[in-house]
Structures are given as C-alpha cells and as structure tokens.
>>> print(open('coords_18.tsv').read())   # TSV, N, CA and C atoms
chain	number	residue	atom	x	y	z
A	1	MET	N	-19.37	-9.92	-22.09
A	1	MET	CA	-20.02	-8.92	-21.29
A	1	MET	C	-19.29	-8.82	-19.95
A	2	ARG	N	-18.96	-7.63	-19.56
A	2	ARG	CA	-18.27	-7.41	-18.30
A	2	ARG	C	-19.28	-7.19	-17.19
A	3	ARG	N	-19.05	-7.84	-16.10
A	3	ARG	CA	-19.93	-7.68	-14.96
A	3	ARG	C	-19.31	-6.66	-14.01
A	4	ALA	N	-20.09	-5.68	-13.60
A	4	ALA	CA	-19.59	-4.64	-12.68
A	4	ALA	C	-19.44	-5.23	-11.29
A	5	ARG	N	-18.33	-4.89	-10.64
A	5	ARG	CA	-18.10	-5.33	-9.26
A	5	ARG	C	-18.45	-4.19	-8.32
A	6	ALA	N	-19.02	-4.54	-7.22
A	6	ALA	CA	-19.32	-3.53	-6.21
A	6	ALA	C	-18.02	-3.09	-5.56
A	7	GLU	N	-17.83	-1.78	-5.42
A	7	GLU	CA	-16.64	-1.25	-4.76
A	7	GLU	C	-16.83	-1.35	-3.26
A	8	ARG	N	-15.81	-1.85	-2.57
A	8	ARG	CA	-15.85	-1.93	-1.12
A	8	ARG	C	-14.79	-1.00	-0.58
A	9	ALA	N	-15.11	-0.37	0.53
A	9	ALA	CA	-14.14	0.52	1.17
A	9	ALA	C	-13.05	-0.34	1.80
A	10	LEU	N	-11.81	0.08	1.62
A	10	LEU	CA	-10.69	-0.60	2.23
A	10	LEU	C	-10.52	-0.05	3.63
A	11	THR	N	-10.51	-0.92	4.60
A	11	THR	CA	-10.36	-0.47	5.98
A	11	THR	C	-9.28	-1.25	6.67
A	12	SER	N	-8.68	-0.63	7.65
A	12	SER	CA	-7.69	-1.33	8.45
A	12	SER	C	-8.40	-2.32	9.36
A	13	VAL	N	-7.68	-3.32	9.77
A	13	VAL	CA	-8.23	-4.33	10.66
A	13	VAL	C	-8.27	-3.76	12.07
A	14	GLU	N	-9.39	-3.91	12.73
A	14	GLU	CA	-9.52	-3.41	14.09
A	14	GLU	C	-9.45	-4.58	15.06
A	15	THR	N	-9.06	-4.27	16.30
A	15	THR	CA	-8.91	-5.33	17.29
A	15	THR	C	-10.21	-5.70	17.96
A	16	GLY	N	-11.17	-4.81	18.03
A	16	GLY	CA	-12.44	-5.12	18.66
A	16	GLY	C	-12.39	-4.98	20.16
A	17	GLU	N	-13.53	-5.15	20.80
A	17	GLU	CA	-13.65	-5.01	22.25
A	17	GLU	C	-13.04	-6.22	22.94
A	18	GLY	N	-12.43	-5.97	24.08
A	18	GLY	CA	-11.94	-7.05	24.92
A	18	GLY	C	-10.82	-7.86	24.32
A	19	ALA	N	-10.06	-7.27	23.47
A	19	ALA	CA	-8.97	-8.00	22.82
A	19	ALA	C	-7.93	-8.39	23.86
A	20	GLY	N	-7.49	-9.61	23.78
A	20	GLY	CA	-6.45	-10.09	24.70
A	20	GLY	C	-5.09	-9.64	24.23
A	21	PRO	N	-4.04	-10.03	24.96
A	21	PRO	CA	-2.68	-9.60	24.61
A	21	PRO	C	-2.27	-9.98	23.19
A	22	ALA	N	-2.71	-11.14	22.71
A	22	ALA	CA	-2.35	-11.55	21.36
A	22	ALA	C	-3.14	-10.78	20.30
A	23	GLU	N	-4.17	-10.06	20.70
A	23	GLU	CA	-5.04	-9.37	19.78
A	23	GLU	C	-4.74	-7.88	19.67
A	24	VAL	N	-3.69	-7.40	20.29
A	24	VAL	CA	-3.37	-5.98	20.27
A	24	VAL	C	-2.87	-5.60	18.88
A	25	SER	N	-3.38	-4.47	18.36
A	25	SER	CA	-2.94	-3.98	17.05
A	25	SER	C	-1.49	-3.55	17.12
A	26	ARG	N	-0.80	-3.74	16.00
A	26	ARG	CA	0.58	-3.30	15.86
A	26	ARG	C	0.70	-2.55	14.55
A	27	LEU	N	1.78	-1.80	14.40
A	27	LEU	CA	2.05	-1.10	13.14
A	27	LEU	C	2.94	-1.97	12.27
A	28	TRP	N	2.58	-2.03	11.00
A	28	TRP	CA	3.32	-2.80	10.00
A	28	TRP	C	3.68	-1.88	8.85
A	29	HIS	N	4.93	-1.93	8.41
A	29	HIS	CA	5.34	-1.15	7.25
A	29	HIS	C	5.12	-2.01	6.01
A	30	VAL	N	4.35	-1.47	5.06
A	30	VAL	CA	3.97	-2.20	3.86
A	30	VAL	C	4.59	-1.55	2.64
A	31	THR	N	5.18	-2.38	1.79
A	31	THR	CA	5.65	-1.94	0.48
A	31	THR	C	4.96	-2.83	-0.55
A	32	LEU	N	4.14	-2.20	-1.39
A	32	LEU	CA	3.38	-2.92	-2.42
A	32	LEU	C	3.94	-2.51	-3.77
A	33	SER	N	4.34	-3.49	-4.58
A	33	SER	CA	4.87	-3.23	-5.92
A	33	SER	C	3.89	-3.77	-6.95
A	34	VAL	N	3.62	-2.95	-7.96
A	34	VAL	CA	2.70	-3.33	-9.04
A	34	VAL	C	3.39	-3.08	-10.38
A	35	SER	N	2.96	-3.82	-11.40
A	35	SER	CA	3.59	-3.68	-12.71
A	35	SER	C	2.61	-4.14	-13.79
A	36	GLY	N	2.85	-3.63	-15.00
A	36	GLY	CA	2.01	-4.03	-16.13
A	36	GLY	C	2.38	-3.29	-17.38
A	37	ALA	N	1.46	-3.29	-18.33
A	37	ALA	CA	1.69	-2.61	-19.60
A	37	ALA	C	1.88	-1.11	-19.37
A	38	PRO	N	2.75	-0.49	-20.15
A	38	PRO	CA	2.97	0.95	-19.98
A	38	PRO	C	1.68	1.76	-20.09
A	39	ALA	N	1.60	2.79	-19.25
A	39	ALA	CA	0.47	3.72	-19.25
A	39	ALA	C	1.05	5.13	-19.25
A	40	PRO	N	0.29	6.11	-19.72
A	40	PRO	CA	0.80	7.49	-19.71
A	40	PRO	C	1.16	7.92	-18.29
A	41	LEU	N	2.35	8.51	-18.14
A	41	LEU	CA	2.83	8.92	-16.81
A	41	LEU	C	1.85	9.83	-16.09
A	42	ALA	N	1.23	10.75	-16.81
A	42	ALA	CA	0.29	11.67	-16.17
A	42	ALA	C	-0.89	10.92	-15.57
A	43	GLU	N	-1.35	9.87	-16.25
A	43	GLU	CA	-2.48	9.08	-15.74
A	43	GLU	C	-2.06	8.26	-14.52
A	44	VAL	N	-0.85	7.70	-14.55
A	44	VAL	CA	-0.36	6.94	-13.41
A	44	VAL	C	-0.26	7.85	-12.19
A	45	ARG	N	0.34	9.02	-12.38
A	45	ARG	CA	0.50	9.97	-11.27
A	45	ARG	C	-0.87	10.39	-10.72
A	46	ARG	N	-1.79	10.73	-11.61
A	46	ARG	CA	-3.11	11.16	-11.17
A	46	ARG	C	-3.81	10.06	-10.38
A	47	GLY	N	-3.70	8.82	-10.83
A	47	GLY	CA	-4.31	7.70	-10.13
A	47	GLY	C	-3.72	7.50	-8.74
A	48	LEU	N	-2.40	7.58	-8.65
A	48	LEU	CA	-1.75	7.43	-7.34
A	48	LEU	C	-2.09	8.59	-6.41
A	49	GLU	N	-2.19	9.79	-6.97
A	49	GLU	CA	-2.57	10.94	-6.14
A	49	GLU	C	-4.01	10.78	-5.64
A	50	GLN	N	-4.89	10.26	-6.48
A	50	GLN	CA	-6.27	10.02	-6.05
A	50	GLN	C	-6.31	8.95	-4.96
A	51	LEU	N	-5.53	7.90	-5.12
A	51	LEU	CA	-5.46	6.85	-4.11
A	51	LEU	C	-4.97	7.42	-2.78
A	52	ALA	N	-3.95	8.26	-2.83
A	52	ALA	CA	-3.42	8.88	-1.61
A	52	ALA	C	-4.45	9.82	-0.99
A	53	HIS	N	-5.22	10.50	-1.82
A	53	HIS	CA	-6.25	11.39	-1.29
A	53	HIS	C	-7.37	10.58	-0.62
A	54	ASP	N	-7.77	9.49	-1.27
A	54	ASP	CA	-8.83	8.63	-0.73
A	54	ASP	C	-8.38	7.90	0.54
A	55	HIS	N	-7.09	7.62	0.62
A	55	HIS	CA	-6.54	6.85	1.74
A	55	HIS	C	-5.28	7.52	2.24
A	56	PRO	N	-5.44	8.52	3.10
A	56	PRO	CA	-4.29	9.33	3.53
A	56	PRO	C	-3.23	8.59	4.34
A	57	PHE	N	-3.45	7.30	4.61
A	57	PHE	CA	-2.42	6.52	5.28
A	57	PHE	C	-1.24	6.25	4.37
A	58	LEU	N	-1.38	6.47	3.05
A	58	LEU	CA	-0.27	6.23	2.13
A	58	LEU	C	0.82	7.26	2.38
A	59	LEU	N	2.03	6.79	2.62
A	59	LEU	CA	3.15	7.69	2.86
A	59	LEU	C	3.76	8.21	1.58
A	60	THR	N	4.10	7.28	0.71
A	60	THR	CA	4.79	7.68	-0.50
A	60	THR	C	4.54	6.67	-1.61
A	61	SER	N	4.55	7.16	-2.81
A	61	SER	CA	4.44	6.31	-4.00
A	61	SER	C	5.50	6.75	-4.98
A	62	ARG	N	6.11	5.77	-5.63
A	62	ARG	CA	7.03	6.05	-6.73
A	62	ARG	C	6.45	5.36	-7.95
A	63	TYR	N	6.65	5.96	-9.11
A	63	TYR	CA	6.02	5.38	-10.30
A	63	TYR	C	6.87	5.61	-11.54
A	64	ALA	N	6.62	4.75	-12.52
A	64	ALA	CA	7.15	4.87	-13.87
A	64	ALA	C	6.00	4.46	-14.79
A	65	ALA	N	6.24	4.44	-16.08
A	65	ALA	CA	5.16	4.13	-17.03
A	65	ALA	C	4.63	2.71	-16.87
A	66	ASP	N	5.47	1.78	-16.38
A	66	ASP	CA	5.04	0.38	-16.31
A	66	ASP	C	5.12	-0.25	-14.93
A	67	HIS	N	5.41	0.53	-13.90
A	67	HIS	CA	5.43	-0.03	-12.54
A	67	HIS	C	5.34	1.08	-11.49
A	68	ALA	N	4.98	0.67	-10.29
A	68	ALA	CA	4.87	1.62	-9.19
A	68	ALA	C	5.12	0.89	-7.87
A	69	GLU	N	5.47	1.67	-6.87
A	69	GLU	CA	5.69	1.15	-5.52
A	69	GLU	C	4.95	2.06	-4.55
A	70	ILE	N	4.21	1.47	-3.66
A	70	ILE	CA	3.45	2.21	-2.65
A	70	ILE	C	3.95	1.78	-1.28
A	71	ARG	N	4.26	2.76	-0.43
A	71	ARG	CA	4.73	2.46	0.92
A	71	ARG	C	3.84	3.17	1.93
A	72	TYR	N	3.48	2.45	2.98
A	72	TYR	CA	2.63	3.04	4.02
A	72	TYR	C	2.68	2.19	5.29
A	73	TRP	N	2.14	2.75	6.35
A	73	TRP	CA	2.00	2.05	7.63
A	73	TRP	C	0.57	1.56	7.75
A	74	GLU	N	0.41	0.33	8.17
A	74	GLU	CA	-0.90	-0.28	8.39
A	74	GLU	C	-1.00	-0.73	9.84
A	75	GLU	N	-2.13	-0.47	10.46
A	75	GLU	CA	-2.37	-0.97	11.81
A	75	GLU	C	-3.19	-2.24	11.68
A	76	ALA	N	-2.66	-3.34	12.24
A	76	ALA	CA	-3.35	-4.62	12.14
A	76	ALA	C	-2.94	-5.51	13.31
A	77	ARG	N	-3.74	-6.52	13.53
A	77	ARG	CA	-3.51	-7.47	14.62
A	77	ARG	C	-2.24	-8.28	14.39
A	78	ASP	N	-2.03	-8.71	13.13
A	78	ASP	CA	-0.86	-9.53	12.83
A	78	ASP	C	-0.47	-9.34	11.37
A	79	LEU	N	0.61	-9.98	10.98
A	79	LEU	CA	1.12	-9.85	9.62
A	79	LEU	C	0.10	-10.32	8.59
A	80	HIS	N	-0.60	-11.40	8.89
A	80	HIS	CA	-1.59	-11.91	7.93
A	80	HIS	C	-2.67	-10.88	7.64
A	81	ASP	N	-3.15	-10.20	8.67
A	81	ASP	CA	-4.19	-9.18	8.46
A	81	ASP	C	-3.64	-7.99	7.67
A	82	ALA	N	-2.43	-7.55	8.00
A	82	ALA	CA	-1.82	-6.42	7.28
A	82	ALA	C	-1.60	-6.79	5.81
A	83	ALA	N	-1.13	-8.00	5.56
A	83	ALA	CA	-0.91	-8.44	4.17
A	83	ALA	C	-2.22	-8.57	3.41
A	84	ALA	N	-3.26	-9.06	4.05
A	84	ALA	CA	-4.56	-9.21	3.38
A	84	ALA	C	-5.10	-7.86	2.94
A	85	VAL	N	-4.98	-6.85	3.80
A	85	VAL	CA	-5.43	-5.50	3.44
A	85	VAL	C	-4.60	-4.98	2.27
A	86	ALA	N	-3.28	-5.16	2.35
A	86	ALA	CA	-2.39	-4.68	1.29
A	86	ALA	C	-2.69	-5.34	-0.05
A	87	LEU	N	-2.97	-6.63	-0.04
A	87	LEU	CA	-3.24	-7.34	-1.29
A	87	LEU	C	-4.55	-6.93	-1.93
A	88	ARG	N	-5.45	-6.33	-1.18
A	88	ARG	CA	-6.72	-5.84	-1.74
A	88	ARG	C	-6.62	-4.40	-2.23
A	89	LEU	N	-5.63	-3.67	-1.78
A	89	LEU	CA	-5.54	-2.23	-2.03
A	89	LEU	C	-5.66	-1.87	-3.51
A	90	TRP	N	-4.81	-2.42	-4.34
A	90	TRP	CA	-4.76	-2.03	-5.75
A	90	TRP	C	-6.04	-2.44	-6.48
A	91	GLY	N	-6.45	-3.68	-6.33
A	91	GLY	CA	-7.62	-4.16	-7.05
A	91	GLY	C	-8.92	-3.48	-6.65
A	92	GLU	N	-9.09	-3.25	-5.36
A	92	GLU	CA	-10.34	-2.65	-4.90
A	92	GLU	C	-10.46	-1.18	-5.26
A	93	HIS	N	-9.35	-0.53	-5.55
A	93	HIS	CA	-9.39	0.89	-5.85
A	93	HIS	C	-8.97	1.21	-7.28
A	94	ARG	N	-8.86	0.17	-8.10
A	94	ARG	CA	-8.49	0.37	-9.49
A	94	ARG	C	-9.51	1.26	-10.20
A	95	SER	N	-10.79	1.02	-9.99
A	95	SER	CA	-11.84	1.82	-10.65
A	95	SER	C	-11.96	3.20	-10.07
A	96	SER	N	-12.09	3.29	-8.75
A	96	SER	CA	-12.36	4.59	-8.11
A	96	SER	C	-11.21	5.57	-8.30
A	97	ALA	N	-9.97	5.09	-8.29
A	97	ALA	CA	-8.82	5.98	-8.46
A	97	ALA	C	-8.32	5.98	-9.91
A	98	LYS	N	-8.97	5.19	-10.77
A	98	LYS	CA	-8.57	5.07	-12.18
A	98	LYS	C	-7.10	4.67	-12.30
A	99	LEU	N	-6.74	3.62	-11.57
A	99	LEU	CA	-5.38	3.09	-11.60
A	99	LEU	C	-5.20	2.20	-12.82
A	100	PRO	N	-3.97	2.07	-13.31
A	100	PRO	CA	-3.73	1.17	-14.44
A	100	PRO	C	-4.08	-0.27	-14.06
A	101	PRO	N	-4.42	-1.09	-15.05
A	101	PRO	CA	-4.78	-2.49	-14.78
A	101	PRO	C	-3.55	-3.37	-14.55
A	102	TRP	N	-2.72	-2.98	-13.63
A	102	TRP	CA	-1.48	-3.70	-13.34
A	102	TRP	C	-1.73	-4.77	-12.29
A	103	GLU	N	-0.79	-5.71	-12.22
A	103	GLU	CA	-0.89	-6.76	-11.21
A	103	GLU	C	0.12	-6.50	-10.09
A	104	ILE	N	-0.18	-7.05	-8.94
A	104	ILE	CA	0.74	-6.97	-7.81
A	104	ILE	C	1.87	-7.95	-8.08
A	105	VAL	N	3.11	-7.44	-8.03
A	105	VAL	CA	4.28	-8.27	-8.31
A	105	VAL	C	5.19	-8.39	-7.09
A	106	GLY	N	4.88	-7.66	-6.02
A	106	GLY	CA	5.69	-7.76	-4.83
A	106	GLY	C	4.98	-7.19	-3.63
A	107	LEU	N	5.24	-7.80	-2.47
A	107	LEU	CA	4.67	-7.33	-1.23
A	107	LEU	C	5.65	-7.62	-0.11
A	108	GLU	N	5.96	-6.58	0.66
A	108	GLU	CA	6.76	-6.77	1.86
A	108	GLU	C	5.99	-6.15	3.02
A	109	VAL	N	5.84	-6.91	4.08
A	109	VAL	CA	5.19	-6.43	5.29
A	109	VAL	C	6.13	-6.76	6.44
A	110	ILE	N	6.60	-5.71	7.12
A	110	ILE	CA	7.50	-5.93	8.27
A	110	ILE	C	6.97	-5.13	9.46
A	111	ASP	N	7.28	-5.63	10.65
A	111	ASP	CA	6.81	-4.91	11.83
A	111	ASP	C	7.66	-3.66	12.05
A	112	ARG	N	7.16	-2.81	12.92
A	112	ARG	CA	7.80	-1.51	13.16
A	112	ARG	C	9.24	-1.66	13.67
A	113	ALA	N	9.45	-2.60	14.58
A	113	ALA	CA	10.80	-2.80	15.14
A	113	ALA	C	11.78	-3.21	14.04
A	114	THR	N	11.37	-4.11	13.17
A	114	THR	CA	12.25	-4.55	12.08
A	114	THR	C	12.54	-3.41	11.12
A	115	TYR	N	11.54	-2.62	10.79
A	115	TYR	CA	11.73	-1.46	9.93
A	115	TYR	C	12.79	-0.52	10.52
A	116	HIS	N	12.62	-0.17	11.79
A	116	HIS	CA	13.56	0.77	12.42
A	116	HIS	C	14.95	0.15	12.59
A	117	GLN	N	15.02	-1.15	12.83
A	117	GLN	CA	16.32	-1.82	12.92
A	117	GLN	C	17.04	-1.76	11.58
A	118	ARG	N	16.34	-2.02	10.50
A	118	ARG	CA	16.95	-1.96	9.17
A	118	ARG	C	17.46	-0.55	8.86
A	119	VAL	N	16.64	0.44	9.14
A	119	VAL	CA	17.05	1.82	8.89
A	119	VAL	C	18.28	2.17	9.70
A	120	ALA	N	18.29	1.79	10.99
A	120	ALA	CA	19.43	2.09	11.87
A	120	ALA	C	20.71	1.40	11.40
A	121	GLU	N	20.58	0.21	10.84
A	121	GLU	CA	21.75	-0.54	10.37
A	121	GLU	C	22.16	-0.13	8.96
A	122	GLY	N	21.39	0.74	8.34
A	122	GLY	CA	21.76	1.27	7.03
A	122	GLY	C	21.41	0.40	5.84
A	123	TYR	N	20.65	-0.64	6.01
A	123	TYR	CA	20.31	-1.46	4.85
A	123	TYR	C	18.80	-1.52	4.58
A	124	GLY	N	18.03	-0.81	5.32
A	124	GLY	CA	16.59	-0.76	5.08
A	124	GLY	C	16.24	0.39	4.19
A	125	PRO	N	14.95	0.49	3.85
A	125	PRO	CA	14.53	1.64	3.04
A	125	PRO	C	14.68	2.92	3.85
A	126	PRO	N	15.06	4.00	3.22
A	126	PRO	CA	15.14	5.26	3.96
A	126	PRO	C	13.74	5.66	4.39
A	127	PRO	N	13.61	6.44	5.45
A	127	PRO	CA	12.29	6.91	5.85
A	127	PRO	C	11.60	7.58	4.66
A	128	ALA	N	10.29	7.43	4.59
A	128	ALA	CA	9.52	7.94	3.45
A	128	ALA	C	9.53	9.46	3.44
A	129	SER	N	10.52	10.00	2.80
A	129	SER	CA	10.65	11.45	2.72
A	129	SER	C	11.23	11.78	1.36
A	130	PRO	N	10.66	12.63	0.61
A	130	PRO	CA	9.45	13.38	0.92
A	130	PRO	C	8.21	12.51	0.75
A	131	VAL	N	7.22	12.78	1.55
A	131	VAL	CA	5.96	12.07	1.47
A	131	VAL	C	5.24	12.53	0.22
A	132	GLY	N	4.55	11.65	-0.45
A	132	GLY	CA	3.78	12.02	-1.64
A	132	GLY	C	4.00	11.07	-2.79
A	133	VAL	N	3.64	11.51	-3.97
A	133	VAL	CA	3.71	10.73	-5.20
A	133	VAL	C	4.85	11.30	-6.04
A	134	HIS	N	5.83	10.45	-6.39
A	134	HIS	CA	7.02	10.93	-7.09
A	134	HIS	C	7.42	9.95	-8.19
A	135	PRO	N	7.97	10.46	-9.31
A	135	PRO	CA	8.51	9.54	-10.32
A	135	PRO	C	9.79	8.89	-9.81
A	136	TYR	N	10.14	7.74	-10.41
A	136	TYR	CA	11.39	7.07	-10.06
A	136	TYR	C	12.54	7.95	-10.50
>>> encode(input="coords_18.tsv", output="structure tokens")
Amino acid sequence: MRRARAERALTSVETGEGAGPAEVSRLWHVTLSVSGAPAPLAEVRRGLEQLAHDHPFLLTSRYAADHAEIRYWEEARDLHDAAAVALRLWGEHRSSAKLPPWEIVGLEVIDRATYHQRVAEGYGPPPASPVGVHPY
C-alpha cells in the first residue's frame, strides 16, 4: 500500500529580519541533473514545462528520454541552503508536475562570481539562452 505524501511548496531561503553580514542572501547558479528509466519525450517536456510554470525561477531545462538538466538561479544565505533547496526540487514536485520517477544524479551549486568568471574564461556553461525547456 502506498502512503500519500503531503506536497510542500518549494521556497527559497530567506535571510530574515536583522540579518548580520554573514546572513546576507547571495545568488547561486544551480545545475540539477536527473536520470532514470526512459519516458515518453512529450511527457518529459510537459512535466518540465509545468515545473517551470510553477516555479518561474527556472532558467532553462534540457531533456532526453532518460535524463534532464535544470539550470536556475537561487537566492540563499549560503551554499548549503541553496543545495538543500535544489535537492528537494525534483522529489517535491514529482507529483504536481507529473515528472518522471528519476533520481538526482548530479548537482552543481556555484556563486555568481564563479559563474561569471567561468563564462568570461570560456570554460563555464554558456548563459542560459534561449530560456525555456529544450531537447538535448
């Protein structure tokens, strides 16, 4: 017998009132990679589009029948908070967005300065353009 889980809204971490210098929110570039058994491409695309609609912070998603990559900016106090939010993204929205039952197989969280340094040096990911959901 399967037990239904309550869906929780995914929210960014907030700094709260009176945050000191170490508590200031920063922007983190997140790349989440998921993979699993092949699913129909139309269903994968529809699920990623629903996720992007529900959470407009998503910049871009790339997908194939058995894997996908989601890239976005997250505002969080530190890397640990940004990573915690990212690691909940797929599982918490699997039902509501009808995402495939894939597992997270990769996570990269880098700060804004590192992201821009990589792009400037030519070895980082290109800026997320075009924004949206696209096949590999």
>>> residues_around(input="coords_18.tsv", residues="A:Lys98", least_positions_apart="5", cutoff="7 Å", atoms="all atoms listed in the file", output="list in words")
Glu43, Arg46, Gly47, Leu48 and His93 of chain A
>>> write_last_selection(input="coords_18.tsv", atoms="N, CA and C atoms", output="mmCIF file, keeping the file's coordinate frame")
data_model
loop_
_atom_site.group_PDB
_atom_site.id
_atom_site.type_symbol
_atom_site.label_atom_id
_atom_site.label_comp_id
_atom_site.auth_asym_id
_atom_site.auth_seq_id
_atom_site.Cartn_x
_atom_site.Cartn_y
_atom_site.Cartn_z
ATOM 1 N N GLU A 43 -1.350 9.870 -16.250
ATOM 2 C CA GLU A 43 -2.480 9.080 -15.740
ATOM 3 C C GLU A 43 -2.060 8.260 -14.520
ATOM 4 N N ARG A 46 -1.790 10.730 -11.610
ATOM 5 C CA ARG A 46 -3.110 11.160 -11.170
ATOM 6 C C ARG A 46 -3.810 10.060 -10.380
ATOM 7 N N GLY A 47 -3.700 8.820 -10.830
ATOM 8 C CA GLY A 47 -4.310 7.700 -10.130
ATOM 9 C C GLY A 47 -3.720 7.500 -8.740
ATOM 10 N N LEU A 48 -2.400 7.580 -8.650
ATOM 11 C CA LEU A 48 -1.750 7.430 -7.340
ATOM 12 C C LEU A 48 -2.090 8.590 -6.410
ATOM 13 N N HIS A 93 -9.350 -0.530 -5.550
ATOM 14 C CA HIS A 93 -9.390 0.890 -5.850
ATOM 15 C C HIS A 93 -8.970 1.210 -7.280
#
>>> atom_distance(input="coords_18.tsv", atom1="atom CA of A:Ala64", atom2="atom CA of A:Thr31")
16.0 Å
>>> select_by_dssp(input="coords_18.tsv", residues="stretch 23-84 of chain A", states="strand (DSSP E or B)", output="list in words")
Arg26, Leu27, Trp28, His29, Val30, Thr31, Leu32, Ser33, Val34, Ser35, Leu58, Leu59, Thr60, Ser61, Arg62, Tyr63, His67, Ala68, Glu69, Ile70, Arg71, Tyr72, Trp73, Glu74, Glu75 and Ala76 of chain A
>>> atom_distance(input="coords_18.tsv", atom1="atom C of A:Tyr72", atom2="atom C of A:Leu59")
7.2 Å
>>> closest_residue(input="coords_18.tsv", among="A:His53, A:His116, A:His67, A:Arg62", to="A:Ala37", atoms="only C-alpha atoms")
A:His67
>>> residues_around(input="coords_18.tsv", residues="A:Ile104", least_positions_apart="2", cutoff="5 Å", atoms="all atoms listed in the file", output="compact mmCIF listing (two decimals) with N, CA and C atoms, keeping the file's coordinate frame")
# COMPACT_ATOMS: atom_id res chain seq x y z
N SER A 33 4.34 -3.49 -4.58
CA SER A 33 4.87 -3.23 -5.92
C SER A 33 3.89 -3.77 -6.95
N VAL A 34 3.62 -2.95 -7.96
CA VAL A 34 2.70 -3.33 -9.04
C VAL A 34 3.39 -3.08 -10.38
N TRP A 102 -2.72 -2.98 -13.63
CA TRP A 102 -1.48 -3.70 -13.34
C TRP A 102 -1.73 -4.77 -12.29
N GLY A 106 4.88 -7.66 -6.02
CA GLY A 106 5.69 -7.76 -4.83
C GLY A 106 4.98 -7.19 -3.63
>>> residues_around(input="coords_18.tsv", residues="A:Ala65", least_positions_apart="5", cutoff="12 Å", atoms="only C-alpha atoms", output="short mmCIF file (atom, residue, chain, number, x, y, z; two decimals) with N, CA and C atoms, keeping the file's coordinate frame")
data_model
loop_
_atom_site.label_atom_id
_atom_site.label_comp_id
_atom_site.auth_asym_id
_atom_site.auth_seq_id
_atom_site.Cartn_x
_atom_site.Cartn_y
_atom_site.Cartn_z
N VAL A 34 3.62 -2.95 -7.96
CA VAL A 34 2.70 -3.33 -9.04
C VAL A 34 3.39 -3.08 -10.38
N SER A 35 2.96 -3.82 -11.40
CA SER A 35 3.59 -3.68 -12.71
C SER A 35 2.61 -4.14 -13.79
N GLY A 36 2.85 -3.63 -15.00
CA GLY A 36 2.01 -4.03 -16.13
C GLY A 36 2.38 -3.29 -17.38
N ALA A 37 1.46 -3.29 -18.33
CA ALA A 37 1.69 -2.61 -19.60
C ALA A 37 1.88 -1.11 -19.37
N PRO A 38 2.75 -0.49 -20.15
CA PRO A 38 2.97 0.95 -19.98
C PRO A 38 1.68 1.76 -20.09
N ALA A 39 1.60 2.79 -19.25
CA ALA A 39 0.47 3.72 -19.25
C ALA A 39 1.05 5.13 -19.25
N PRO A 40 0.29 6.11 -19.72
CA PRO A 40 0.80 7.49 -19.71
C PRO A 40 1.16 7.92 -18.29
N LEU A 41 2.35 8.51 -18.14
CA LEU A 41 2.83 8.92 -16.81
C LEU A 41 1.85 9.83 -16.09
N ALA A 42 1.23 10.75 -16.81
CA ALA A 42 0.29 11.67 -16.17
C ALA A 42 -0.89 10.92 -15.57
N GLU A 43 -1.35 9.87 -16.25
CA GLU A 43 -2.48 9.08 -15.74
C GLU A 43 -2.06 8.26 -14.52
N VAL A 44 -0.85 7.70 -14.55
CA VAL A 44 -0.36 6.94 -13.41
C VAL A 44 -0.26 7.85 -12.19
N ARG A 45 0.34 9.02 -12.38
CA ARG A 45 0.50 9.97 -11.27
C ARG A 45 -0.87 10.39 -10.72
N LEU A 99 -6.74 3.62 -11.57
CA LEU A 99 -5.38 3.09 -11.60
C LEU A 99 -5.20 2.20 -12.82
N PRO A 100 -3.97 2.07 -13.31
CA PRO A 100 -3.73 1.17 -14.44
C PRO A 100 -4.08 -0.27 -14.06
N TRP A 102 -2.72 -2.98 -13.63
CA TRP A 102 -1.48 -3.70 -13.34
C TRP A 102 -1.73 -4.77 -12.29
N PRO A 135 7.97 10.46 -9.31
CA PRO A 135 8.51 9.54 -10.32
C PRO A 135 9.79 8.89 -9.81
N TYR A 136 10.14 7.74 -10.41
CA TYR A 136 11.39 7.07 -10.06
C TYR A 136 12.54 7.95 -10.50
#
